[in-house]
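All remarks here apply to the structure that follows.
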Amino acid sequence: MGRSRDVVVGSGHGTREPAQAVGTGTAQGTATQPAPGTATSASADPEALAGTAAEVLGGYLHERAAEFLRGLRDHAQGTGGASGPGSGGASGTADPARAAASVETLRGAARRLNGALITYRSLLDPVWADDLRTELSWLAGALASEYAYAARLERLLGALHRLASGGGTGREGEAPPGEAGARPPGASAAAPGGTGGRAGGTGQSGGGGSRGGVATRERGALPVGAARAGALLERRLTLSRTRAHSAALQALGSARFHAVADAVALLASEAPFRPGGEAADRPAAAVLPPLADQARRKLTEAVAALPLSRAEAPYNADALARSLGTEARQDAAWDHVRVLLRLHRYAQEVLGPCAEPDPRLGPAGEALERHRDAAAAAAAAASAAATPRIAPATAYALGVLHADQRHEVEAARFAFGHHWRQGDPL
(Lines give C-alpha, C1' and ligand atoms only; values in the text may rest on other atoms or scores of the structure.)
Protein backbone atom coordinates (compact mmCIF):
# COMPACT_ATOMS: atom_id res chain seq x y z
CA MET A 1 0.00 0.00 0.00
CA GLY A 2 2.99 2.32 -0.16
CA ARG A 3 2.03 3.82 -3.49
CA SER A 4 -1.68 3.66 -2.74
CA ARG A 5 -1.18 5.73 0.37
CA ASP A 6 0.64 8.47 -1.46
CA VAL A 7 -1.96 8.56 -4.17
CA VAL A 8 -5.05 8.77 -2.01
CA VAL A 9 -3.83 11.31 0.52
CA GLY A 10 -2.83 14.41 -1.45
CA SER A 11 -1.82 17.59 0.32
CA GLY A 12 -4.81 18.97 2.10
CA HIS A 13 -5.89 21.00 5.06
CA GLY A 14 -7.99 18.41 6.77
CA THR A 15 -11.53 19.52 5.99
CA ARG A 16 -13.92 16.65 5.60
CA GLU A 17 -16.13 16.15 2.57
CA PRO A 18 -19.57 14.55 2.91
CA ALA A 19 -19.94 10.99 1.73
CA GLN A 20 -21.70 10.62 -1.59
CA ALA A 21 -24.59 8.31 -2.12
CA VAL A 22 -24.15 5.85 -4.94
CA GLY A 23 -26.34 6.66 -7.88
CA THR A 24 -27.09 10.20 -6.68
CA GLY A 25 -25.26 13.42 -6.06
CA THR A 26 -26.61 13.95 -2.55
CA ALA A 27 -24.76 13.82 0.71
CA GLN A 28 -24.93 10.65 2.71
CA GLY A 29 -22.87 10.63 5.89
CA THR A 30 -22.52 7.83 8.35
CA ALA A 31 -25.22 9.36 10.52
CA THR A 32 -27.87 8.31 7.96
CA GLN A 33 -26.78 4.68 7.92
CA PRO A 34 -28.97 2.04 9.56
CA ALA A 35 -28.40 1.19 13.18
CA PRO A 36 -25.98 -1.63 14.02
CA GLY A 37 -27.55 -5.01 13.55
CA THR A 38 -29.70 -3.98 10.60
CA ALA A 39 -29.30 -6.54 7.83
CA THR A 40 -28.09 -4.80 4.66
CA SER A 41 -25.82 -7.43 3.16
CA ALA A 42 -25.94 -8.54 -0.45
CA SER A 43 -27.84 -11.71 0.48
CA ALA A 44 -30.43 -9.67 2.41
CA ASP A 45 -30.97 -7.22 -0.46
CA PRO A 46 -30.17 -9.01 -3.72
CA GLU A 47 -31.68 -6.23 -5.82
CA ALA A 48 -29.35 -3.58 -4.34
CA LEU A 49 -26.53 -4.50 -6.74
CA ALA A 50 -28.63 -5.38 -9.74
CA GLY A 51 -26.59 -5.51 -12.91
CA THR A 52 -23.05 -6.48 -13.74
CA ALA A 53 -19.94 -5.33 -11.92
CA ALA A 54 -19.06 -3.16 -14.92
CA GLU A 55 -22.42 -1.41 -14.78
CA VAL A 56 -22.30 -0.71 -11.04
CA LEU A 57 -18.65 0.28 -10.83
CA GLY A 58 -18.80 2.15 -14.12
CA GLY A 59 -21.79 4.17 -12.93
CA TYR A 60 -19.97 5.15 -9.74
CA LEU A 61 -16.86 6.23 -11.67
CA HIS A 62 -18.97 8.22 -14.14
CA GLU A 63 -20.65 10.18 -11.33
CA ARG A 64 -17.39 10.93 -9.52
CA ALA A 65 -15.80 12.05 -12.79
CA ALA A 66 -18.73 14.39 -13.47
CA GLU A 67 -18.37 15.76 -9.94
CA PHE A 68 -14.66 16.37 -10.54
CA LEU A 69 -15.40 18.25 -13.77
CA ARG A 70 -17.98 20.41 -11.99
CA GLY A 71 -15.32 21.26 -9.41
CA LEU A 72 -12.91 22.25 -12.17
CA ARG A 73 -15.50 24.52 -13.73
CA ASP A 74 -16.34 26.14 -10.39
CA HIS A 75 -12.64 26.62 -9.64
CA ALA A 76 -12.11 28.30 -12.99
CA GLN A 77 -15.02 30.65 -12.35
CA GLY A 78 -13.96 31.27 -8.75
CA THR A 79 -10.44 32.27 -9.78
CA GLY A 80 -11.70 34.45 -12.62
CA GLY A 81 -9.95 32.35 -15.25
CA ALA A 82 -10.60 29.44 -17.54
CA SER A 83 -9.44 25.91 -16.85
CA GLY A 84 -10.67 22.53 -17.87
CA PRO A 85 -13.16 21.28 -20.43
CA GLY A 86 -16.27 23.37 -20.90
CA SER A 87 -14.87 26.57 -19.44
CA GLY A 88 -15.30 28.31 -22.76
CA GLY A 89 -12.16 30.34 -22.37
CA ALA A 90 -14.03 33.07 -20.53
CA SER A 91 -12.64 34.95 -17.58
CA GLY A 92 -14.36 37.06 -14.96
CA THR A 93 -14.18 38.36 -11.42
CA ALA A 94 -12.42 36.16 -8.88
CA ASP A 95 -14.51 34.69 -6.05
CA PRO A 96 -12.11 33.29 -3.37
CA ALA A 97 -14.90 31.62 -1.39
CA ARG A 98 -16.15 29.79 -4.48
CA ALA A 99 -12.59 28.81 -5.42
CA ALA A 100 -11.99 27.37 -1.93
CA ALA A 101 -15.26 25.41 -2.04
CA SER A 102 -14.42 24.08 -5.49
CA VAL A 103 -11.07 22.78 -4.22
CA GLU A 104 -12.94 20.73 -1.61
CA THR A 105 -15.21 19.37 -4.35
CA LEU A 106 -12.17 18.48 -6.46
CA ARG A 107 -10.36 16.79 -3.59
CA GLY A 108 -13.43 14.83 -2.53
CA ALA A 109 -14.08 13.57 -6.08
CA ALA A 110 -10.39 12.77 -6.62
CA ARG A 111 -10.18 10.80 -3.37
CA ARG A 112 -13.26 8.79 -4.24
CA LEU A 113 -12.01 8.07 -7.73
CA ASN A 114 -8.64 7.03 -6.33
CA GLY A 115 -10.26 4.82 -3.73
CA ALA A 116 -12.40 3.03 -6.30
CA LEU A 117 -9.43 2.61 -8.64
CA ILE A 118 -7.38 1.04 -5.83
CA THR A 119 -10.02 -1.29 -4.38
CA TYR A 120 -11.46 -2.46 -7.69
CA ARG A 121 -8.25 -2.32 -9.69
CA SER A 122 -8.49 -6.00 -10.66
CA LEU A 123 -11.56 -5.18 -12.77
CA LEU A 124 -10.00 -2.22 -14.58
CA ASP A 125 -7.21 -1.67 -17.05
CA PRO A 126 -4.28 -1.59 -14.56
CA VAL A 127 -2.04 0.77 -16.55
CA TRP A 128 -4.86 3.26 -17.08
CA ALA A 129 -5.98 3.04 -13.42
CA ASP A 130 -2.48 3.58 -12.01
CA ASP A 131 -1.75 6.51 -14.32
CA LEU A 132 -5.05 8.23 -13.55
CA ARG A 133 -4.58 7.78 -9.80
CA THR A 134 -1.18 9.44 -9.95
CA GLU A 135 -2.40 12.37 -12.02
CA LEU A 136 -5.52 12.96 -9.92
CA SER A 137 -3.44 12.97 -6.76
CA TRP A 138 -0.99 15.43 -8.27
CA LEU A 139 -3.70 17.85 -9.33
CA ALA A 140 -5.73 17.68 -6.12
CA GLY A 141 -2.59 18.14 -4.04
CA ALA A 142 -1.38 21.08 -6.12
CA LEU A 143 -4.69 22.89 -5.70
CA ALA A 144 -5.10 22.17 -1.98
CA SER A 145 -1.63 22.97 -0.62
CA GLU A 146 -2.14 26.70 -0.18
CA TYR A 147 -5.30 26.10 1.84
CA ALA A 148 -3.45 23.57 3.99
CA TYR A 149 -0.80 26.14 4.92
CA ALA A 150 -3.45 28.77 5.68
CA ALA A 151 -5.34 26.40 8.00
CA ARG A 152 -2.13 25.32 9.73
CA LEU A 153 -1.12 28.91 10.39
CA GLU A 154 -4.56 29.74 11.78
CA ARG A 155 -4.43 26.70 14.03
CA LEU A 156 -1.01 27.56 15.43
CA LEU A 157 -1.78 31.25 15.98
CA GLY A 158 -5.03 30.33 17.71
CA ALA A 159 -3.17 27.90 19.95
CA LEU A 160 -0.58 30.55 20.81
CA HIS A 161 -3.27 32.99 21.93
CA ARG A 162 -5.07 30.29 23.88
CA LEU A 163 -1.89 29.25 25.68
CA ALA A 164 -0.98 32.86 26.45
CA SER A 165 -4.46 34.00 27.48
CA GLY A 166 -4.35 35.93 30.75
CA GLY A 167 -0.54 35.90 30.68
CA GLY A 168 1.84 38.80 31.00
CA THR A 169 0.28 40.31 34.17
CA GLY A 170 1.19 37.75 36.80
CA ARG A 171 -2.45 37.48 37.90
CA GLU A 172 -4.88 35.02 36.41
CA GLY A 173 -7.99 36.52 34.86
CA GLU A 174 -6.52 39.96 34.19
CA ALA A 175 -5.72 40.82 30.60
CA PRO A 176 -2.74 42.90 29.49
CA PRO A 177 -3.49 46.62 29.10
CA GLY A 178 -5.52 47.35 26.00
CA GLU A 179 -6.54 43.74 25.34
CA ALA A 180 -9.96 43.39 23.78
CA GLY A 181 -12.32 40.65 24.83
CA ALA A 182 -10.57 39.81 28.12
CA ARG A 183 -12.07 36.83 29.85
CA PRO A 184 -13.62 37.44 33.27
CA PRO A 185 -11.76 36.46 36.45
CA GLY A 186 -12.00 32.73 37.11
CA ALA A 187 -13.03 31.87 33.57
CA SER A 188 -11.31 28.90 32.04
CA ALA A 189 -9.16 29.55 29.00
CA ALA A 190 -9.61 26.09 27.47
CA ALA A 191 -10.80 22.64 28.34
CA PRO A 192 -7.80 20.72 29.67
CA GLY A 193 -6.75 17.79 27.54
CA GLY A 194 -10.16 17.09 26.08
CA THR A 195 -10.89 15.77 22.62
CA GLY A 196 -13.49 18.33 21.72
CA GLY A 197 -12.85 21.88 22.88
CA ARG A 198 -9.21 22.32 22.05
CA ALA A 199 -9.00 20.15 18.97
CA GLY A 200 -12.08 21.69 17.42
CA GLY A 201 -11.33 25.26 18.39
CA THR A 202 -7.78 25.44 17.19
CA GLY A 203 -8.30 23.72 13.88
CA GLN A 204 -11.03 25.85 12.35
CA SER A 205 -10.18 27.82 9.28
CA GLY A 206 -11.82 28.95 6.12
CA GLY A 207 -10.39 29.55 2.71
CA GLY A 208 -9.36 33.09 3.69
CA GLY A 209 -7.04 32.13 6.52
CA SER A 210 -5.32 35.52 6.58
CA ARG A 211 -8.46 37.37 7.67
CA GLY A 212 -9.04 34.84 10.45
CA GLY A 213 -5.44 35.28 11.57
CA VAL A 214 -5.85 39.06 11.80
CA ALA A 215 -9.01 38.64 13.86
CA THR A 216 -7.24 36.23 16.18
CA ARG A 217 -4.23 38.46 16.68
CA GLU A 218 -6.44 41.46 17.42
CA ARG A 219 -7.79 39.78 20.55
CA GLY A 220 -4.87 41.01 22.59
CA ALA A 221 -1.16 41.41 22.93
CA LEU A 222 1.01 38.34 23.37
CA PRO A 223 4.07 38.02 25.60
CA VAL A 224 7.25 38.84 23.75
CA GLY A 225 8.36 35.25 23.17
CA ALA A 226 4.93 34.12 21.94
CA ALA A 227 4.57 37.20 19.72
CA ARG A 228 7.92 36.55 18.09
CA ALA A 229 7.05 32.87 17.70
CA GLY A 230 3.79 33.84 15.99
CA ALA A 231 5.58 36.25 13.68
CA LEU A 232 8.12 33.58 12.76
CA LEU A 233 5.41 31.02 12.05
CA GLU A 234 3.49 33.55 9.98
CA ARG A 235 6.53 34.40 7.87
CA ARG A 236 7.37 30.74 7.25
CA LEU A 237 3.87 29.46 6.54
CA THR A 238 2.84 32.51 4.50
CA LEU A 239 5.90 32.03 2.33
CA SER A 240 5.00 28.36 1.90
CA ARG A 241 1.43 29.29 1.06
CA THR A 242 2.56 31.85 -1.52
CA ARG A 243 4.80 29.28 -3.17
CA ALA A 244 1.96 26.75 -3.17
CA HIS A 245 -0.36 29.31 -4.77
CA SER A 246 2.19 29.98 -7.52
CA ALA A 247 2.63 26.24 -8.04
CA ALA A 248 -1.15 25.80 -8.33
CA LEU A 249 -1.39 28.54 -10.96
CA GLN A 250 1.47 26.97 -12.85
CA ALA A 251 -0.16 23.55 -12.67
CA LEU A 252 -3.46 24.91 -14.03
CA GLY A 253 -1.67 26.28 -17.07
CA SER A 254 0.33 23.15 -17.80
CA ALA A 255 -0.18 20.54 -20.49
CA ARG A 256 -0.25 17.94 -17.72
CA PHE A 257 -3.35 19.55 -16.23
CA HIS A 258 -5.18 19.56 -19.56
CA ALA A 259 -4.29 15.89 -20.04
CA VAL A 260 -5.82 15.07 -16.64
CA ALA A 261 -8.96 17.04 -17.44
CA ASP A 262 -9.33 15.25 -20.78
CA ALA A 263 -8.83 11.83 -19.13
CA VAL A 264 -11.52 12.54 -16.53
CA ALA A 265 -13.84 13.88 -19.23
CA LEU A 266 -13.50 10.55 -21.05
CA LEU A 267 -14.07 8.67 -17.79
CA ALA A 268 -17.36 10.52 -17.37
CA SER A 269 -18.68 8.59 -20.37
CA GLU A 270 -16.71 5.33 -20.43
CA ALA A 271 -14.61 3.40 -17.91
CA PRO A 272 -11.83 1.19 -19.36
CA PHE A 273 -12.14 -2.29 -17.90
CA ARG A 274 -9.44 -4.96 -18.00
CA PRO A 275 -9.03 -6.25 -21.57
CA GLY A 276 -10.24 -9.83 -21.88
CA GLY A 277 -11.44 -9.88 -18.29
CA GLU A 278 -14.65 -11.77 -17.56
CA ALA A 279 -15.14 -10.68 -13.94
CA ALA A 280 -16.58 -7.29 -14.93
CA ASP A 281 -19.38 -9.03 -16.84
CA ARG A 282 -20.42 -11.12 -13.84
CA PRO A 283 -23.20 -10.05 -11.42
CA ALA A 284 -22.06 -7.16 -9.23
CA ALA A 285 -23.34 -8.85 -6.06
CA ALA A 286 -20.87 -11.70 -6.62
CA VAL A 287 -17.83 -9.63 -7.65
CA LEU A 288 -17.77 -6.30 -5.80
CA PRO A 289 -18.39 -7.27 -2.12
CA PRO A 290 -15.35 -9.62 -1.93
CA LEU A 291 -13.10 -6.85 -3.26
CA ALA A 292 -14.55 -4.38 -0.75
CA ASP A 293 -13.97 -6.93 2.00
CA GLN A 294 -10.25 -6.91 1.20
CA ALA A 295 -10.17 -3.19 2.01
CA ARG A 296 -11.96 -3.89 5.29
CA ARG A 297 -9.46 -6.60 6.26
CA LYS A 298 -6.48 -4.34 5.53
CA LEU A 299 -7.99 -1.66 7.77
CA THR A 300 -8.64 -4.15 10.57
CA GLU A 301 -5.07 -5.43 10.43
CA ALA A 302 -3.61 -1.91 10.48
CA VAL A 303 -5.76 -0.91 13.46
CA ALA A 304 -4.69 -4.07 15.32
CA ALA A 305 -1.05 -2.98 14.92
CA LEU A 306 -1.70 0.40 16.60
CA PRO A 307 -0.84 0.85 20.30
CA LEU A 308 -4.48 1.44 21.24
CA SER A 309 -3.93 0.21 24.80
CA ARG A 310 -1.35 2.95 25.35
CA ALA A 311 -3.53 5.58 23.71
CA GLU A 312 -6.59 4.76 25.84
CA ALA A 313 -5.45 7.12 28.62
CA PRO A 314 -6.90 10.63 28.08
CA TYR A 315 -3.64 12.20 29.30
CA ASN A 316 -0.77 10.11 28.03
CA ALA A 317 2.41 11.70 29.35
CA ASP A 318 4.44 8.62 28.39
CA ALA A 319 3.53 9.16 24.74
CA LEU A 320 5.03 12.66 24.85
CA ALA A 321 8.44 11.48 26.10
CA ARG A 322 9.66 10.45 22.66
CA SER A 323 12.09 11.88 20.17
CA LEU A 324 10.91 13.74 17.08
CA GLY A 325 12.02 10.81 14.91
CA THR A 326 9.87 8.44 16.92
CA GLU A 327 6.94 10.83 16.66
CA ALA A 328 7.21 10.86 12.88
CA ARG A 329 7.22 7.05 12.70
CA GLN A 330 4.23 6.79 15.03
CA ASP A 331 2.34 9.47 13.14
CA ALA A 332 2.95 7.63 9.86
CA ALA A 333 1.38 4.45 11.25
CA TRP A 334 -1.72 6.33 12.38
CA ASP A 335 -1.94 8.22 9.10
CA HIS A 336 -1.77 4.91 7.24
CA VAL A 337 -4.85 3.82 9.18
CA ARG A 338 -6.57 7.07 8.20
CA VAL A 339 -5.94 6.30 4.53
CA LEU A 340 -7.14 2.70 4.86
CA LEU A 341 -10.29 3.87 6.64
CA ARG A 342 -11.01 6.16 3.71
CA LEU A 343 -10.46 3.33 1.26
CA HIS A 344 -12.88 1.17 3.24
CA ARG A 345 -15.49 3.95 3.30
CA TYR A 346 -15.21 4.56 -0.43
CA ALA A 347 -15.35 0.85 -1.20
CA GLN A 348 -18.61 0.70 0.76
CA GLU A 349 -19.99 3.66 -1.19
CA VAL A 350 -19.67 1.70 -4.42
CA LEU A 351 -21.79 -1.06 -2.86
CA GLY A 352 -24.50 1.44 -1.94
CA PRO A 353 -27.38 -0.01 0.11
CA CYS A 354 -25.71 -3.41 -0.11
CA ALA A 355 -22.85 -2.19 2.12
CA GLU A 356 -22.52 -3.35 5.71
CA PRO A 357 -23.20 -0.29 7.92
CA ASP A 358 -20.60 0.69 10.49
CA PRO A 359 -21.45 3.82 12.54
CA ARG A 360 -17.88 3.97 13.84
CA LEU A 361 -16.40 5.05 10.52
CA GLY A 362 -17.59 8.66 10.68
CA PRO A 363 -16.36 9.64 14.18
CA ALA A 364 -13.25 7.46 13.91
CA GLY A 365 -12.35 9.12 10.61
CA GLU A 366 -12.85 12.59 12.09
CA ALA A 367 -10.54 11.72 14.97
CA LEU A 368 -7.85 10.63 12.52
CA GLU A 369 -8.27 13.86 10.53
CA ARG A 370 -7.73 15.82 13.76
CA HIS A 371 -4.70 13.64 14.42
CA ARG A 372 -3.24 14.51 11.01
CA ASP A 373 -3.85 18.25 11.48
CA ALA A 374 -2.33 18.34 14.96
CA ALA A 375 0.70 16.28 13.93
CA ALA A 376 1.37 18.59 10.98
CA ALA A 377 1.03 21.67 13.21
CA ALA A 378 3.42 20.18 15.78
CA ALA A 379 5.95 19.46 13.03
CA ALA A 380 5.66 23.05 11.80
CA ALA A 381 6.33 24.37 15.32
CA ALA A 382 9.34 22.07 15.71
CA SER A 383 10.70 23.14 12.33
CA ALA A 384 10.33 26.81 13.24
CA ALA A 385 12.13 26.21 16.55
CA ALA A 386 15.13 24.91 14.58
CA THR A 387 15.59 28.33 12.93
CA PRO A 388 19.16 29.54 13.64
CA ARG A 389 19.79 32.42 16.02
CA ILE A 390 16.30 32.85 17.42
CA ALA A 391 15.86 34.26 20.91
CA PRO A 392 15.50 31.79 23.81
CA ALA A 393 12.03 33.14 24.64
CA THR A 394 10.92 32.50 21.06
CA ALA A 395 12.30 28.97 21.10
CA TYR A 396 10.61 28.33 24.44
CA ALA A 397 7.22 29.51 23.12
CA LEU A 398 7.59 27.26 20.08
CA GLY A 399 8.47 24.35 22.35
CA VAL A 400 5.35 24.93 24.43
CA LEU A 401 3.32 25.16 21.23
CA HIS A 402 4.83 21.90 19.96
CA ALA A 403 3.97 20.15 23.22
CA ASP A 404 0.42 21.52 23.05
CA GLN A 405 -0.11 20.12 19.56
CA ARG A 406 1.36 16.78 20.59
CA HIS A 407 -1.25 16.71 23.36
CA GLU A 408 -3.83 17.25 20.65
CA VAL A 409 -2.36 14.28 18.80
CA GLU A 410 -2.76 12.10 21.87
CA ALA A 411 -6.29 13.38 22.42
CA ALA A 412 -7.19 12.42 18.85
CA ARG A 413 -5.70 8.95 19.34
CA PHE A 414 -7.72 8.54 22.52
CA ALA A 415 -10.89 9.61 20.67
CA PHE A 416 -10.20 7.16 17.84
CA GLY A 417 -9.70 4.27 20.25
CA HIS A 418 -12.88 5.21 22.11
CA HIS A 419 -14.97 5.24 18.93
CA TRP A 420 -13.35 2.17 17.42
CA ARG A 421 -14.05 -0.03 20.42
CA GLN A 422 -17.73 0.82 20.33
CA GLY A 423 -20.04 -1.59 18.55
CA ASP A 424 -19.23 -4.90 16.96
CA PRO A 425 -15.78 -5.33 15.41
CA LEU A 426 -15.40 -5.17 11.65
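The chains in the C-alpha coordinates are called A, B, ... from first to last as shown; in each chain the residues are counted from 1, and the ligands are counted from 1 in the order shown.
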Next on the checklist: Residues within 10 Å of segment 118-125 of chain A, please, as a PyMOL selection string. Count only C-alpha atoms; anything in the same chain fewer than 5 positions from it doesn't count.
Outcome noted: chain A and resi 1+4-5+7-8+53-54+57-58+112-113+130+133+271-281+287-288+290-295+343-344+346-347+350
Restricting it to N, CA and C atoms, dump the selection as a CSV table (one decimal), in the first residue's frame.
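What follows is the written file again.csv:
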```
chain,number,residue,atom,x,y,z
A,1,MET,N,0.8,-1.2,0.0
A,1,MET,CA,0.0,0.0,0.0
A,1,MET,C,0.8,1.3,0.0
A,4,SER,N,-0.3,3.3,-2.9
A,4,SER,CA,-1.7,3.7,-2.7
A,4,SER,C,-1.8,4.8,-1.7
A,5,ARG,N,-1.1,4.7,-0.7
A,5,ARG,CA,-1.2,5.7,0.4
A,5,ARG,C,-0.8,7.1,-0.2
A,7,VAL,N,-1.0,8.1,-3.1
A,7,VAL,CA,-2.0,8.6,-4.2
A,7,VAL,C,-3.2,9.1,-3.5
A,8,VAL,N,-3.7,8.4,-2.5
A,8,VAL,CA,-5.0,8.8,-2.0
A,8,VAL,C,-5.0,10.0,-1.2
A,53,ALA,N,-20.9,-6.1,-12.6
A,53,ALA,CA,-19.9,-5.3,-11.9
A,53,ALA,C,-19.5,-4.1,-12.7
A,54,ALA,N,-19.4,-4.3,-14.1
A,54,ALA,CA,-19.1,-3.2,-14.9
A,54,ALA,C,-20.1,-2.1,-14.9
A,57,LEU,N,-19.9,-0.5,-11.0
A,57,LEU,CA,-18.7,0.3,-10.8
A,57,LEU,C,-18.5,1.4,-11.9
A,58,GLY,N,-18.9,1.1,-13.1
A,58,GLY,CA,-18.8,2.2,-14.1
A,58,GLY,C,-19.7,3.3,-13.8
A,112,ARG,N,-12.3,9.9,-4.0
A,112,ARG,CA,-13.3,8.8,-4.2
A,112,ARG,C,-12.9,8.0,-5.5
A,113,LEU,N,-12.5,8.7,-6.5
A,113,LEU,CA,-12.0,8.1,-7.7
A,113,LEU,C,-10.8,7.2,-7.4
A,130,ASP,N,-3.6,3.1,-12.8
A,130,ASP,CA,-2.5,3.6,-12.0
A,130,ASP,C,-2.1,5.0,-12.5
A,133,ARG,N,-4.7,7.5,-11.2
A,133,ARG,CA,-4.6,7.8,-9.8
A,133,ARG,C,-3.5,8.8,-9.5
A,271,ALA,N,-15.7,3.9,-18.8
A,271,ALA,CA,-14.6,3.4,-17.9
A,271,ALA,C,-13.9,2.2,-18.6
A,272,PRO,N,-12.6,2.3,-18.7
A,272,PRO,CA,-11.8,1.2,-19.4
A,272,PRO,C,-11.7,0.0,-18.4
A,273,PHE,N,-12.3,-1.1,-18.7
A,273,PHE,CA,-12.1,-2.3,-17.9
A,273,PHE,C,-11.0,-3.2,-18.4
A,274,ARG,N,-10.6,-4.1,-17.7
A,274,ARG,CA,-9.4,-5.0,-18.0
A,274,ARG,C,-9.7,-5.7,-19.3
A,275,PRO,N,-8.8,-5.6,-20.3
A,275,PRO,CA,-9.0,-6.3,-21.6
A,275,PRO,C,-9.1,-7.8,-21.4
A,276,GLY,N,-10.1,-8.4,-22.0
A,276,GLY,CA,-10.2,-9.8,-21.9
A,276,GLY,C,-10.7,-10.3,-20.5
A,277,GLY,N,-11.0,-9.5,-19.6
A,277,GLY,CA,-11.4,-9.9,-18.3
A,277,GLY,C,-12.9,-10.3,-18.3
A,278,GLU,N,-13.3,-11.3,-17.6
A,278,GLU,CA,-14.6,-11.8,-17.6
A,278,GLU,C,-15.3,-11.4,-16.3
A,279,ALA,N,-14.5,-11.0,-15.2
A,279,ALA,CA,-15.1,-10.7,-13.9
A,279,ALA,C,-16.1,-9.5,-14.0
A,280,ALA,N,-15.7,-8.5,-14.8
A,280,ALA,CA,-16.6,-7.3,-14.9
A,280,ALA,C,-18.0,-7.6,-15.5
A,281,ASP,N,-18.1,-8.7,-16.3
A,281,ASP,CA,-19.4,-9.0,-16.8
A,281,ASP,C,-20.2,-9.9,-15.9
A,287,VAL,N,-19.2,-10.1,-7.4
A,287,VAL,CA,-17.8,-9.6,-7.7
A,287,VAL,C,-17.4,-8.5,-6.7
A,288,LEU,N,-18.2,-7.5,-6.5
A,288,LEU,CA,-17.8,-6.3,-5.8
A,288,LEU,C,-17.6,-6.5,-4.3
A,290,PRO,N,-16.6,-9.0,-2.4
A,290,PRO,CA,-15.4,-9.6,-1.9
A,290,PRO,C,-14.2,-8.7,-2.1
A,291,LEU,N,-14.2,-7.8,-3.1
A,291,LEU,CA,-13.1,-6.9,-3.3
A,291,LEU,C,-13.2,-5.8,-2.2
A,292,ALA,N,-14.4,-5.4,-1.8
A,292,ALA,CA,-14.5,-4.4,-0.7
A,292,ALA,C,-14.1,-5.0,0.6
A,293,ASP,N,-14.3,-6.3,0.8
A,293,ASP,CA,-14.0,-6.9,2.0
A,293,ASP,C,-12.5,-7.0,2.2
A,294,GLN,N,-11.7,-7.0,1.1
A,294,GLN,CA,-10.3,-6.9,1.2
A,294,GLN,C,-9.8,-5.6,1.8
A,295,ALA,N,-10.5,-4.5,1.4
A,295,ALA,CA,-10.2,-3.2,2.0
A,295,ALA,C,-10.5,-3.2,3.5
A,343,LEU,N,-10.3,4.3,2.3
A,343,LEU,CA,-10.5,3.3,1.3
A,343,LEU,C,-11.6,2.4,1.6
A,344,HIS,N,-11.8,2.0,2.8
A,344,HIS,CA,-12.9,1.2,3.2
A,344,HIS,C,-14.2,1.9,3.0
A,346,TYR,N,-14.9,4.4,1.0
A,346,TYR,CA,-15.2,4.6,-0.4
A,346,TYR,C,-15.6,3.2,-1.1
A,347,ALA,N,-15.0,2.2,-0.7
A,347,ALA,CA,-15.4,0.9,-1.2
A,347,ALA,C,-16.8,0.5,-0.8
A,350,VAL,N,-19.4,2.3,-3.1
A,350,VAL,CA,-19.7,1.7,-4.4
A,350,VAL,C,-20.8,0.7,-4.3
```
Checklist entry - Where in segment 73-133 of chain A does DSSP assign helix (DSSP H, G or I), given as an NGL selection string? => result :A and (73-78 or 96-119 or 121-123 or 126-133)
Checklist entry - From the set A:Val56, A:Ala66, A:Ala50, A:Ala286, which residue has the shortest atom-to-atom contact distance to Leu267 of chain A, counting only C-alpha atoms? => result A:Ala66
